[in-house]
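Novice: Below is a structure I'd like to ask you about.
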Amino acid sequence: MTRSIILKKQDRGEADELVVFLSRDLGWLTGVAKNAKRSRIRFGGHLEPFSVVDLTLRLRRKDELVWIDEAQVVGGFLNIRCDLAKVARTAYFLELASVFVPEGHPDTDLFDFLVEFLYTLDTSTPNPLLFILDEIRLLGRLGYAPRFDICPECSNPLEPGTAANFSLSGGGACHLSCVSSQSSENLFLSPSALAVARRGLAMDRESGNRLRLNKTGQGELRRALSAFARYLRGAEINSLLFLEKLYGQ
Ligand SMILES: [Zn+2]
């Protein structure tokens, strides 16, 4: 049995379902749940997107698809599934993880981080600033931690009280005087946005509730992270587009 997060499922023929999931021990996999649409006992409602489940798998040789023999829900997250803002955030985080982690590469730290994210989101009111901090942590777990303390261009620290511009190629906030002329993207970060990003990352997730940042500062961080995710991906990220539409950003 392997604990997994379901990303999506789709019909496969008359009775089967094709399921994409992140397994804690095996990484991203695609599996076939035979007769899932008919077998209520083995699968009834246990393969819903964004739920955490225990799957009984049968691995096959020379074939990417595994058989899913049984599924048992561990966390159903009904509060996420009936709230569009929470659905959008979850879809975005899982898409980031699926884009940057190839199939069959298990990462237990990443898995545990995502499960904790789901439980927190399910039981709390969405907080845009905490989401931004979680997004920075997630990018870090995926190997792309953006920096907000050292300028990637000159390697000197960003002094408190100074503004910066987010450098996509440098992967972090850089001095306004170090912005290269080739970089046309204006991703300005005010001193307060930088300070909150730095402080938020230095504290644990729950203490982040104490942080405050006005809408302008949040918008600056949001724009920088969205642009960075797209830059890393090298293409559009559908769930990010959905998230932005939802927030009118
Ligand atoms: Zn610099």
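In the structure tokens, the first chain shown is A, the next is B, and so on; residue numbers restart at 1 for each chain, and ligands run from 1 in the order shown.
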Show which residues sit within 12 Å of segment 8-18 of chain A, as a ChimeraX atom specification. Count only C-alpha atoms, and ignore same-chain residues fewer than 4 positions away.
Specialist: /A:4,22,28-40,43-51,65-69,90-91,94-95,98
Novice: Take the residues just selected and output them with N, CA and C atoms as an mmCIF file, in the first residue's frame.
Specialist:
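Written output follows (part_34.cif):
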data_model
loop_
_atom_site.group_PDB
_atom_site.id
_atom_site.type_symbol
_atom_site.label_atom_id
_atom_site.label_comp_id
_atom_site.auth_asym_id
_atom_site.auth_seq_id
_atom_site.Cartn_x
_atom_site.Cartn_y
_atom_site.Cartn_z
ATOM 1 N N SER A 4 -0.771 8.298 -1.350
ATOM 2 C CA SER A 4 -0.686 9.062 -2.592
ATOM 3 C C SER A 4 -1.630 10.254 -2.580
ATOM 4 N N LEU A 22 0.540 11.254 -7.200
ATOM 5 C CA LEU A 22 1.887 11.352 -6.636
ATOM 6 C C LEU A 22 1.963 10.399 -5.454
ATOM 7 N N TRP A 28 5.602 10.354 -9.095
ATOM 8 C CA TRP A 28 4.441 10.495 -9.993
ATOM 9 C C TRP A 28 4.232 9.215 -10.790
ATOM 10 N N LEU A 29 2.987 8.769 -10.863
ATOM 11 C CA LEU A 29 2.654 7.580 -11.649
ATOM 12 C C LEU A 29 1.298 7.777 -12.305
ATOM 13 N N THR A 30 1.085 7.032 -13.363
ATOM 14 C CA THR A 30 -0.241 6.961 -13.972
ATOM 15 C C THR A 30 -0.714 5.527 -13.845
ATOM 16 N N GLY A 31 -1.916 5.345 -13.359
ATOM 17 C CA GLY A 31 -2.412 3.990 -13.126
ATOM 18 C C GLY A 31 -3.807 3.777 -13.693
ATOM 19 N N VAL A 32 -4.137 2.523 -13.859
ATOM 20 C CA VAL A 32 -5.474 2.165 -14.338
ATOM 21 C C VAL A 32 -6.236 1.507 -13.190
ATOM 22 N N ALA A 33 -7.386 2.066 -12.889
ATOM 23 C CA ALA A 33 -8.275 1.444 -11.909
ATOM 24 C C ALA A 33 -9.316 0.658 -12.697
ATOM 25 N N LYS A 34 -9.118 -0.672 -12.752
ATOM 26 C CA LYS A 34 -10.001 -1.512 -13.552
ATOM 27 C C LYS A 34 -11.401 -1.517 -12.954
ATOM 28 N N ASN A 35 -12.375 -1.345 -13.802
ATOM 29 C CA ASN A 35 -13.768 -1.395 -13.377
ATOM 30 C C ASN A 35 -14.114 -0.390 -12.285
ATOM 31 N N ALA A 36 -13.340 0.719 -12.245
ATOM 32 C CA ALA A 36 -13.537 1.686 -11.153
ATOM 33 C C ALA A 36 -14.946 2.264 -11.159
ATOM 34 N N LYS A 37 -15.481 2.417 -12.371
ATOM 35 C CA LYS A 37 -16.805 3.039 -12.444
ATOM 36 C C LYS A 37 -17.901 2.092 -11.976
ATOM 37 N N ARG A 38 -17.573 0.798 -11.897
ATOM 38 C CA ARG A 38 -18.591 -0.172 -11.469
ATOM 39 C C ARG A 38 -18.344 -0.678 -10.061
ATOM 40 N N SER A 39 -17.067 -0.737 -9.675
ATOM 41 C CA SER A 39 -16.769 -1.364 -8.393
ATOM 42 C C SER A 39 -16.796 -0.358 -7.245
ATOM 43 N N ARG A 40 -17.938 -0.228 -6.633
ATOM 44 C CA ARG A 40 -18.112 0.706 -5.524
ATOM 45 C C ARG A 40 -17.314 0.256 -4.301
ATOM 46 N N PHE A 43 -13.452 1.054 -5.002
ATOM 47 C CA PHE A 43 -13.062 2.404 -5.369
ATOM 48 C C PHE A 43 -14.064 3.494 -5.022
ATOM 49 N N GLY A 44 -15.314 3.121 -4.721
ATOM 50 C CA GLY A 44 -16.393 4.103 -4.607
ATOM 51 C C GLY A 44 -15.984 5.477 -4.073
ATOM 52 N N GLY A 45 -15.799 6.428 -4.961
ATOM 53 C CA GLY A 45 -15.486 7.803 -4.556
ATOM 54 C C GLY A 45 -14.118 7.981 -3.918
ATOM 55 N N HIS A 46 -13.230 7.003 -4.083
ATOM 56 C CA HIS A 46 -11.938 7.085 -3.412
ATOM 57 C C HIS A 46 -10.799 7.535 -4.324
ATOM 58 N N LEU A 47 -11.150 7.993 -5.500
ATOM 59 C CA LEU A 47 -10.098 8.425 -6.428
ATOM 60 C C LEU A 47 -10.337 9.865 -6.878
ATOM 61 N N GLU A 48 -10.904 10.665 -5.977
ATOM 62 C CA GLU A 48 -11.229 12.045 -6.334
ATOM 63 C C GLU A 48 -9.963 12.909 -6.358
ATOM 64 N N PRO A 49 -9.867 13.825 -7.350
ATOM 65 C CA PRO A 49 -8.715 14.722 -7.396
ATOM 66 C C PRO A 49 -8.510 15.463 -6.076
ATOM 67 N N PHE A 50 -7.268 15.637 -5.712
ATOM 68 C CA PHE A 50 -6.802 16.369 -4.526
ATOM 69 C C PHE A 50 -6.986 15.602 -3.220
ATOM 70 N N SER A 51 -7.474 14.362 -3.269
ATOM 71 C CA SER A 51 -7.597 13.631 -2.016
ATOM 72 C C SER A 51 -6.320 12.835 -1.750
ATOM 73 N N LEU A 65 2.065 2.112 -17.185
ATOM 74 C CA LEU A 65 0.856 2.133 -16.365
ATOM 75 C C LEU A 65 0.893 1.056 -15.295
ATOM 76 N N VAL A 66 0.486 1.426 -14.097
ATOM 77 C CA VAL A 66 0.382 0.435 -13.022
ATOM 78 C C VAL A 66 -1.102 0.124 -12.830
ATOM 79 N N TRP A 67 -1.370 -1.021 -12.239
ATOM 80 C CA TRP A 67 -2.743 -1.327 -11.880
ATOM 81 C C TRP A 67 -3.029 -0.783 -10.489
ATOM 82 N N ILE A 68 -4.170 -0.161 -10.344
ATOM 83 C CA ILE A 68 -4.619 0.234 -9.006
ATOM 84 C C ILE A 68 -5.691 -0.773 -8.594
ATOM 85 N N ASP A 69 -5.370 -1.604 -7.601
ATOM 86 C CA ASP A 69 -6.313 -2.646 -7.203
ATOM 87 C C ASP A 69 -7.340 -2.164 -6.182
ATOM 88 N N THR A 90 -4.755 24.614 -4.930
ATOM 89 C CA THR A 90 -4.304 23.222 -4.909
ATOM 90 C C THR A 90 -3.867 22.772 -6.307
ATOM 91 N N ALA A 91 -4.684 23.125 -7.299
ATOM 92 C CA ALA A 91 -4.368 22.724 -8.671
ATOM 93 C C ALA A 91 -3.016 23.298 -9.086
ATOM 94 N N LEU A 94 -0.076 21.440 -7.245
ATOM 95 C CA LEU A 94 0.137 20.089 -7.769
ATOM 96 C C LEU A 94 0.671 20.150 -9.201
ATOM 97 N N GLU A 95 0.226 21.155 -9.964
ATOM 98 C CA GLU A 95 0.757 21.264 -11.324
ATOM 99 C C GLU A 95 2.248 21.627 -11.283
ATOM 100 N N SER A 98 4.064 18.576 -10.531
ATOM 101 C CA SER A 98 4.062 17.586 -11.616
ATOM 102 C C SER A 98 4.933 18.036 -12.785
#
Novice: Counting only C-alpha atoms and all ligand atoms, what residues are within 12 Å of ligand 1, given as a VMD selection string?
Specialist: chain A and resid 148 to 159 162 to 167 170 172 to 180
Novice: Got time to write the residues from that selection, C-alpha atoms, as a PDB file, in the first residue's frame?
Specialist:
ATOM      1  CA  PHE A 148      15.329  37.700  -1.384  1.00  0.00           C
ATOM      2  CA  ASP A 149      18.476  38.406   0.620  1.00  0.00           C
ATOM      3  CA  ILE A 150      21.421  38.298  -1.796  1.00  0.00           C
ATOM      4  CA  CYS A 151      21.532  39.990  -5.187  1.00  0.00           C
ATOM      5  CA  PRO A 152      22.159  37.308  -7.843  1.00  0.00           C
ATOM      6  CA  GLU A 153      23.958  39.802 -10.106  1.00  0.00           C
ATOM      7  CA  CYS A 154      26.616  41.207  -7.726  1.00  0.00           C
ATOM      8  CA  SER A 155      26.342  38.665  -4.843  1.00  0.00           C
ATOM      9  CA  ASN A 156      26.087  41.462  -2.269  1.00  0.00           C
ATOM     10  CA  PRO A 157      23.303  41.518   0.327  1.00  0.00           C
ATOM     11  CA  LEU A 158      20.122  43.509  -0.263  1.00  0.00           C
ATOM     12  CA  GLU A 159      20.172  46.021   2.569  1.00  0.00           C
ATOM     13  CA  THR A 162      16.066  49.306  -0.262  1.00  0.00           C
ATOM     14  CA  ALA A 163      13.834  48.299  -3.165  1.00  0.00           C
ATOM     15  CA  ALA A 164      14.732  45.664  -5.753  1.00  0.00           C
ATOM     16  CA  ASN A 165      13.696  44.105  -9.022  1.00  0.00           C
ATOM     17  CA  PHE A 166      13.103  40.366  -9.369  1.00  0.00           C
ATOM     18  CA  SER A 167      15.574  38.879 -11.842  1.00  0.00           C
ATOM     19  CA  GLY A 170      19.125  35.221 -11.564  1.00  0.00           C
ATOM     20  CA  GLY A 172      15.938  36.302  -7.045  1.00  0.00           C
ATOM     21  CA  ALA A 173      15.614  39.936  -6.038  1.00  0.00           C
ATOM     22  CA  CYS A 174      18.442  42.086  -7.364  1.00  0.00           C
ATOM     23  CA  HIS A 175      19.535  45.689  -6.720  1.00  0.00           C
ATOM     24  CA  LEU A 176      17.822  48.223  -8.952  1.00  0.00           C
ATOM     25  CA  SER A 177      21.308  49.363  -9.999  1.00  0.00           C
ATOM     26  CA  CYS A 178      22.226  45.787 -11.004  1.00  0.00           C
ATOM     27  CA  VAL A 179      19.239  45.213 -13.326  1.00  0.00           C
ATOM     28  CA  SER A 180      20.680  44.255 -16.698  1.00  0.00           C
TER      29      SER A 180
END
Novice: Report the closest atom pair, with its distance in Å rounded to one decimal, for each residue of segment 4-103 of chain A that has an atom no farther than 9 Å from segment 222-233 of chain A; count only C-alpha atoms, sort by chain and then rising residue number, and write it as a tab-separated table.
Specialist:
residue	atom	partner	partner_atom	distance
A:Leu96	CA	A:Ala229	CA	8.1
A:Val99	CA	A:Arg233	CA	7.5
A:Phe100	CA	A:Arg233	CA	8.0
Novice: As a list in words, please: all residues of segment 6-109 of chain A that backbone DSSP puts in helix (DSSP H, G or I).
Specialist: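 Here is the list: Arg40, Ile41, Arg42, Phe43, Leu78, Asn79, Ile80, Arg81, Leu84, Ala85, Lys86, Val87, Ala88, Arg89, Thr90, Ala91, Tyr92, Phe93, Leu94, Glu95, Leu96, Ala97, Ser98, Val99, Phe100, Thr108 and Asp109 of chain A.
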Novice: To one decimal place, how far is atom CA of Gly200 of chain A from atom CA of Leu139 of chain A in Å?
Specialist: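 These atoms are spaced 14.7 Å apart.
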Novice: Using only C-alpha atoms, which protein or nucleic acid residues come within 12 Å of Ala85 of chain A? Drop anything in the same chain fewer than 5 positions from it, and give the result as a ChimeraX atom specification.
Specialist: /A:79-80,90-92,121-122,125-128,131,239-240,242-247
Novice: Would you list the contacts of Asp54 of chain A as a PyMOL selection string, taking every protein, DNA or RNA residue within 7 Å and counting only C-alpha atoms, but skipping same-chain residues closer than 6 positions in sequence?
Specialist: chain A and resi 1-4+71-74
Novice: Find the residues around segment 103-108 of chain A up to 8 Å (only C-alpha atoms counted), leave out those fewer than 5 positions away in its own chain, and share them as an MDAnalysis selection string.
Specialist: chainID A and resid 23:29
